[in-house]
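Shown here: start_39.tsv, TSV, C-alpha atoms.
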```tsv
chain	number	residue	atom	x	y	z
G	1163	ASN	CA	-2.35	-27.04	23.65
G	1164	GLY	CA	1.05	-27.93	22.25
G	1165	LYS	CA	2.14	-25.16	19.89
G	1166	ASP	CA	-1.35	-23.82	19.22
G	1167	ALA	CA	-3.60	-21.56	21.29
G	1168	SER	CA	-7.38	-21.28	21.39
G	1169	ILE	CA	-8.45	-17.67	21.92
G	1170	TRP	CA	-11.97	-17.10	23.23
G	1171	VAL	CA	-13.43	-13.82	22.02
G	1172	ARG	CA	-16.73	-12.53	23.37
G	1173	THR	CA	-18.10	-9.15	22.29
G	1174	TRP	CA	-21.02	-7.01	23.39
G	1175	ALA	CA	-22.94	-4.59	21.18
G	1176	ASN	CA	-25.98	-2.39	21.79
G	1177	CYS	CA	-27.41	-3.15	18.37
G	1178	GLU	CA	-27.89	-6.11	16.05
G	1179	GLY	CA	-25.12	-6.77	13.58
G	1180	GLU	CA	-22.29	-9.03	12.52
G	1181	VAL	CA	-18.91	-9.10	14.24
G	1182	SER	CA	-15.73	-9.93	12.34
G	1183	LEU	CA	-12.51	-10.61	14.25
G	1184	THR	CA	-8.88	-10.26	13.24
G	1185	ILE	CA	-5.87	-11.29	15.30
G	1186	LYS	CA	-2.53	-9.74	14.42
G	1187	ASP	CA	0.97	-10.50	15.63
G	1188	ALA	CA	3.41	-7.96	17.06
G	1189	LYS	CA	4.47	-6.94	13.54
G	1190	GLY	CA	0.91	-6.28	12.41
G	1191	ASN	CA	0.56	-9.44	10.33
G	1192	THR	CA	-2.83	-11.17	10.37
G	1193	VAL	CA	-2.44	-14.62	11.94
G	1194	ALA	CA	-6.09	-15.62	12.44
G	1195	THR	CA	-9.64	-14.46	11.71
G	1196	GLY	CA	-13.11	-15.32	12.89
G	1197	ASN	CA	-16.73	-14.25	12.99
G	1198	GLY	CA	-19.39	-14.06	15.65
G	1199	LYS	CA	-19.99	-12.39	18.99
G	1200	ASP	CA	-18.89	-15.43	20.98
G	1201	THR	CA	-16.32	-17.60	19.28
G	1202	ASN	CA	-13.01	-19.41	19.56
G	1203	ILE	CA	-10.14	-18.61	17.22
G	1204	GLU	CA	-7.06	-20.81	16.91
G	1205	ILE	CA	-3.58	-19.31	16.59
G	1206	LYS	CA	-1.18	-21.81	15.05
G	1207	ASN	CA	2.40	-21.91	16.40
G	1208	VAL	CA	1.54	-19.31	18.99
G	1209	HIS	CA	4.27	-16.98	20.29
G	1210	LEU	CA	3.89	-17.08	24.08
G	1211	TRP	CA	3.92	-14.11	26.42
G	1212	ASP	CA	6.86	-15.18	28.56
G	1213	GLY	CA	7.30	-12.58	31.29
G	1214	ILE	CA	10.34	-10.32	31.20
G	1215	ARG	CA	12.08	-12.89	28.99
G	1216	ASP	CA	9.72	-12.21	26.07
G	1217	PRO	CA	6.55	-10.16	26.72
G	1218	TYR	CA	5.03	-10.88	23.31
G	1219	LEU	CA	1.66	-9.28	22.57
G	1220	TYR	CA	-0.98	-9.95	19.96
G	1221	THR	CA	-3.79	-7.58	18.95
G	1222	CYS	CA	-7.41	-8.60	18.49
G	1223	GLN	CA	-9.64	-6.28	16.47
G	1224	ALA	CA	-13.42	-6.58	16.42
G	1225	VAL	CA	-15.46	-4.82	13.73
G	1226	LEU	CA	-19.24	-4.47	14.05
G	1227	SER	CA	-21.13	-4.28	10.75
G	1228	VAL	CA	-24.82	-3.53	10.26
G	1229	ASP	CA	-26.32	-4.35	6.87
G	1230	GLY	CA	-22.82	-4.80	5.50
G	1231	VAL	CA	-21.54	-1.42	6.69
G	1232	ALA	CA	-18.87	-1.18	9.40
G	1233	VAL	CA	-20.28	1.03	12.19
G	1234	ASP	CA	-17.84	0.45	15.04
G	1235	GLN	CA	-14.56	-1.21	15.88
G	1236	VAL	CA	-12.42	-1.84	18.95
G	1237	SER	CA	-9.07	-3.51	19.51
G	1238	THR	CA	-7.18	-4.85	22.49
G	1239	HIS	CA	-3.76	-6.32	23.16
G	1240	PHE	CA	-3.43	-9.74	24.76
G	1241	GLY	CA	-0.83	-12.41	25.38
G	1242	ALA	CA	-1.01	-16.20	25.34
G	1243	ARG	CA	0.52	-17.90	28.39
G	1244	TYR	CA	-0.13	-20.64	30.93
G	1245	PHE	CA	1.01	-21.00	34.52
G	1246	HIS	CA	0.73	-22.94	37.75
G	1247	VAL	CA	1.90	-22.60	41.34
G	1248	ASP	CA	3.56	-25.54	43.11
G	1249	PRO	CA	3.46	-25.44	46.94
G	1250	ARG	CA	7.10	-26.56	47.12
G	1251	LYS	CA	8.67	-25.40	43.86
G	1252	GLY	CA	6.96	-22.03	43.45
G	1253	PHE	CA	5.59	-20.27	40.39
G	1254	PHE	CA	5.85	-21.71	36.87
G	1255	LEU	CA	5.28	-19.73	33.66
G	1256	ASN	CA	4.74	-21.62	30.41
G	1257	GLY	CA	5.96	-24.82	32.03
G	1258	GLU	CA	9.25	-23.42	33.36
G	1259	SER	CA	10.22	-22.36	36.87
G	1260	TYR	CA	9.85	-18.60	37.21
G	1261	PRO	CA	10.74	-17.32	40.71
G	1262	LEU	CA	8.87	-14.11	41.47
G	1263	ARG	CA	10.90	-11.15	42.72
G	1264	GLY	CA	9.20	-7.83	43.21
G	1265	VAL	CA	7.70	-5.08	45.29
G	1266	ASN	CA	4.43	-3.61	46.50
G	1267	VAL	CA	3.36	-0.50	44.54
G	1268	HIS	CA	0.85	2.22	45.32
G	1269	GLN	CA	-0.42	4.62	42.67
G	1270	ASP	CA	0.53	7.78	44.50
G	1271	MET	CA	3.24	10.39	44.78
G	1272	GLU	CA	3.96	13.27	47.14
G	1273	GLY	CA	2.20	16.44	46.10
G	1274	ILE	CA	-0.18	14.82	43.58
G	1275	ALA	CA	-1.59	11.80	45.44
G	1276	SER	CA	-3.01	9.42	42.80
G	1277	ALA	CA	-3.37	12.02	40.04
G	1278	PHE	CA	-0.65	10.30	38.01
G	1279	THR	CA	0.26	11.33	34.48
G	1280	LYS	CA	1.73	8.90	31.98
G	1281	ALA	CA	5.11	10.52	32.64
G	1282	ASP	CA	4.73	9.71	36.34
G	1283	PHE	CA	3.91	6.09	35.56
G	1284	ASP	CA	6.83	5.84	33.14
G	1285	ALA	CA	9.24	7.23	35.77
G	1286	ASP	CA	7.99	4.85	38.48
G	1287	TYR	CA	8.16	1.81	36.23
G	1288	ALA	CA	11.64	2.74	35.02
G	1289	ILE	CA	12.74	2.43	38.65
G	1290	ILE	CA	10.92	-0.90	38.92
G	1291	LYS	CA	12.74	-2.15	35.83
G	1292	GLU	CA	16.08	-0.92	37.20
G	1293	LEU	CA	15.43	-2.90	40.40
G	1294	GLY	CA	15.12	-6.05	38.31
G	1295	CYS	CA	11.55	-6.81	39.37
G	1296	ASN	CA	9.49	-9.40	37.54
G	1297	PHE	CA	6.49	-9.17	39.90
G	1298	LEU	CA	4.32	-6.36	41.30
G	1299	ARG	CA	1.55	-6.31	43.85
G	1300	LEU	CA	-0.55	-3.32	42.79
G	1301	ALA	CA	-2.22	-2.35	46.05
G	1302	HIS	CA	-4.81	-1.79	47.33
G	1303	TYR	CA	-7.10	-1.20	44.38
G	1304	PRO	CA	-7.07	-1.62	40.60
G	1305	HIS	CA	-4.59	0.91	39.24
G	1306	ASN	CA	-4.96	2.99	36.10
G	1307	ASP	CA	-5.23	0.83	32.96
G	1308	TYR	CA	-1.98	2.39	31.72
G	1309	ALA	CA	-0.13	0.70	34.60
G	1310	PHE	CA	-1.36	-2.71	33.47
G	1311	ARG	CA	-0.43	-1.96	29.87
G	1312	LEU	CA	3.08	-1.09	31.02
G	1313	CYS	CA	3.27	-4.40	32.88
G	1314	ASP	CA	2.03	-6.24	29.77
G	1315	ARG	CA	4.78	-4.66	27.65
G	1316	MET	CA	7.49	-5.08	30.28
G	1317	GLY	CA	6.57	-8.68	31.10
G	1318	ILE	CA	5.87	-8.06	34.79
G	1319	ILE	CA	3.61	-10.53	36.61
G	1320	VAL	CA	0.88	-8.68	38.55
G	1321	GLN	CA	-1.37	-9.17	41.53
G	1322	THR	CA	-4.22	-6.65	41.40
G	1323	GLU	CA	-6.75	-6.15	44.17
G	1324	ILE	CA	-10.18	-4.79	44.95
G	1325	PRO	CA	-10.17	-1.60	47.09
G	1326	TRP	CA	-10.89	-3.30	50.41
G	1327	VAL	CA	-8.34	-3.10	53.21
G	1328	ASN	CA	-9.10	-4.68	56.60
G	1329	ASN	CA	-12.63	-4.68	58.01
G	1330	CYS	CA	-14.59	-1.43	58.13
G	1331	GLY	CA	-16.62	-1.73	61.34
G	1332	THR	CA	-17.40	-4.76	63.46
G	1333	GLU	CA	-20.10	-6.31	61.29
G	1334	ILE	CA	-20.18	-6.98	57.55
G	1335	THR	CA	-23.74	-6.65	56.33
G	1336	GLU	CA	-25.15	-8.47	53.34
G	1337	ALA	CA	-25.08	-5.26	51.30
G	1338	TYR	CA	-21.47	-4.60	52.30
G	1339	ALA	CA	-20.44	-8.13	51.27
G	1340	GLN	CA	-22.31	-7.79	47.97
G	1341	ASN	CA	-20.40	-4.58	47.26
G	1342	ILE	CA	-17.13	-6.50	47.71
G	1343	TYR	CA	-18.28	-9.20	45.28
G	1344	ASP	CA	-19.43	-6.56	42.79
G	1345	GLN	CA	-16.02	-4.85	42.95
G	1346	MET	CA	-14.31	-8.17	42.22
G	1347	GLU	CA	-16.57	-8.85	39.22
G	1348	GLU	CA	-16.06	-5.32	37.86
G	1349	MET	CA	-12.27	-5.61	38.24
G	1350	VAL	CA	-12.05	-8.92	36.39
G	1351	THR	CA	-14.52	-7.80	33.69
G	1352	SER	CA	-12.53	-4.65	32.92
G	1353	LEU	CA	-9.01	-6.11	33.17
G	1354	TYR	CA	-9.06	-9.76	32.09
G	1355	ASN	CA	-7.35	-9.16	28.73
G	1356	HIS	CA	-4.08	-8.18	30.43
G	1357	PRO	CA	-1.63	-11.12	30.28
G	1358	SER	CA	0.40	-9.59	33.10
G	1359	ILE	CA	-2.37	-10.21	35.64
G	1360	ILE	CA	-2.01	-13.67	37.17
G	1361	PHE	CA	-3.30	-13.11	40.70
G	1362	TRP	CA	-6.65	-11.49	41.59
G	1363	GLY	CA	-6.59	-10.23	45.19
G	1364	MET	CA	-9.77	-10.24	47.30
G	1365	TRP	CA	-8.45	-8.42	50.37
```
Using structure tokens, write down the structure that the file contains.
Amino acid sequence: NGKDASIWVRTWANCEGEVSLTIKDAKGNTVATGNGKDTNIEIKNVHLWDGIRDPYLYTCQAVLSVDGVAVDQVSTHFGARYFHVDPRKGFFLNGESYPLRGVNVHQDMEGIASAFTKADFDADYAIIKELGCNFLRLAHYPHNDYAFRLCDRMGIIVQTEIPWVNNCGTEITEAYAQNIYDQMEEMVTSLYNHPSIIFWGMW
């Protein structure tokens, strides 16, 4: 909304307690704070995550305290951005035309299949950067979280997908369809903080 962003933070805990929230910029400076397990925090003059032009990331830290004593904490990176797709003019990021140019990527390599190390990911994504890509379709399943973190830092727009390719058999039962829906929910629940993910693929 203009130059400010409203960040919705929802936390889950397996015990009663108070949650305090801190949002820091890329330099580690605190830019906003809040309290509560389900709250909105405003960042004034937000620095947008702007694809490969400027993949700016914030950090949100949540601290759980019980009886005034901090017992747990977790942090995650995120980016603030907005987008839309025009049927004639294409993809727009933060209000500006942003043509998508990229490739389809599988998380596999000869000799190791999908048992990627961070060094393997880094080597693959160095090639992707050299190609000049600003978009990746990560097929046909959610890739390792490290891949999404690389895309966040590199400013690459992502389409991620549930692990369902074509139809398996001639009839989709109710249980089979429910499994597909469950996979979609699990994928979004585990990955929604990544600013790189714009498109969620069902098939």
Original post:
So which residues fall inside 9 Å of (-25.6, -7.4, 8.5) if we count only C-alpha atoms? Mind giving them as a list in words?
Top reply: Glu1178, Gly1179, Glu1180, Val1181, Leu1226, Ser1227, Val1228, Asp1229, Gly1230 and Val1231 of chain G
If we count only C-alpha atoms, what is near His1302 (chain G) at a cut-off of 8 Å, once residues fewer than 6 positions away on the same chain are taken out, given as an mmCIF file with C-alpha atoms, in the coordinates of the input?
```cif
data_model
loop_
_atom_site.group_PDB
_atom_site.id
_atom_site.type_symbol
_atom_site.label_atom_id
_atom_site.label_comp_id
_atom_site.auth_asym_id
_atom_site.auth_seq_id
_atom_site.Cartn_x
_atom_site.Cartn_y
_atom_site.Cartn_z
ATOM 1 C CA HIS G 1268 0.850 2.220 45.320
ATOM 2 C CA THR G 1322 -4.220 -6.650 41.400
ATOM 3 C CA GLU G 1323 -6.750 -6.150 44.170
ATOM 4 C CA ILE G 1324 -10.180 -4.790 44.950
ATOM 5 C CA PRO G 1325 -10.170 -1.600 47.090
ATOM 6 C CA TRP G 1326 -10.890 -3.300 50.410
ATOM 7 C CA VAL G 1327 -8.340 -3.100 53.210
#
```
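Residues lying at most 9 Å from (-2.0, -7.8, 19.5) in file coordinates, with all atoms listed in the file considered, are Ile1185, Lys1186, Asp1187, Ala1188, Lys1189, Gly1190, Tyr1218, Leu1219, Tyr1220, Thr1221, Cys1222, Gln1223, Ser1237, Thr1238, His1239, Phe1240 and Gly1241 of chain G.
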Subject >> Spatial neighbours of Ala1194 (chain G), max dist 9 Å, only C-alpha atoms, sep filter under 5 positions, as a ChimeraX atom specification >> reply: /G:1183-1186,1203-1206
**OP:** Write out as a ChimeraX atom specification which residues come within 12 Å of Ile1290 (chain G) when counting all atoms listed in the file, dropping same-chain ones fewer than 4 positions away.
**Re:** /G:1263-1267,1283-1286,1294-1299,1309,1312-1313,1316-1318
**OP:** Just the residues within 7 Å of Asp1314 (chain G), please, counting all atoms listed in the file, with nothing from its chain fewer than 5 positions along; format it as a PyMOL selection string.
**Re:** chain G and resi 1217+1356-1358
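Among the candidates G:Trp1365, G:Gln1269, G:Ile1360, G:Asn1191, the residue lying nearest to Phe1254 (chain G) is G:Ile1360 (atoms considered: only C-alpha atoms).
Using all atoms listed in the file, the smallest distance between any of G:Arg1315, G:Lys1199, G:Lys1291, G:Lys1251 and Ala1175 (chain G) comes from G:Lys1199.
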Original post:
Which is closest to Ile1359 (chain G) among G:Asp1307, G:Glu1258, G:Glu1272, G:Asp1234, if we use all atoms listed in the file?
Top reply: G:Asp1307
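Among the candidate residues G:Ser1259, G:Thr1351, G:Thr1195, G:Asn1202, the one lying nearest to Ser1168 (chain G) is G:Asn1202, with distances computed using only C-alpha atoms.
In this model, the gap between CA of Thr1335 (chain G) and CA of Met1349 (chain G) comes to 21.4 Å.
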**OP:** Can you work out the spacing between CA of Arg1215 (chain G) and CA of Lys1165 (chain G) in Å, to one decimal?
**Re:**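 CA of Arg1215 (chain G) sits 18.2 Å away from CA of Lys1165 (chain G).
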Subject >> Distance of CA of Gln1340 (chain G) from CA of Phe1310 (chain G), expressed in Å to one decimal place >> reply: 26.0 Å
Original post:
Between G:Leu1255, G:Tyr1244, G:Tyr1303, G:Tyr1308, which one has atoms that come closest to Phe1278 (chain G), using only C-alpha atoms?
Top reply: G:Tyr1308
Subject >> Nearest candidate to Met1364 (chain G) (options G:Val1171, G:Ala1301, G:Val1193, G:Ile1334; using all atoms listed in the file) >> reply: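 Under the stated criterion, the closest residue is G:Ala1301.
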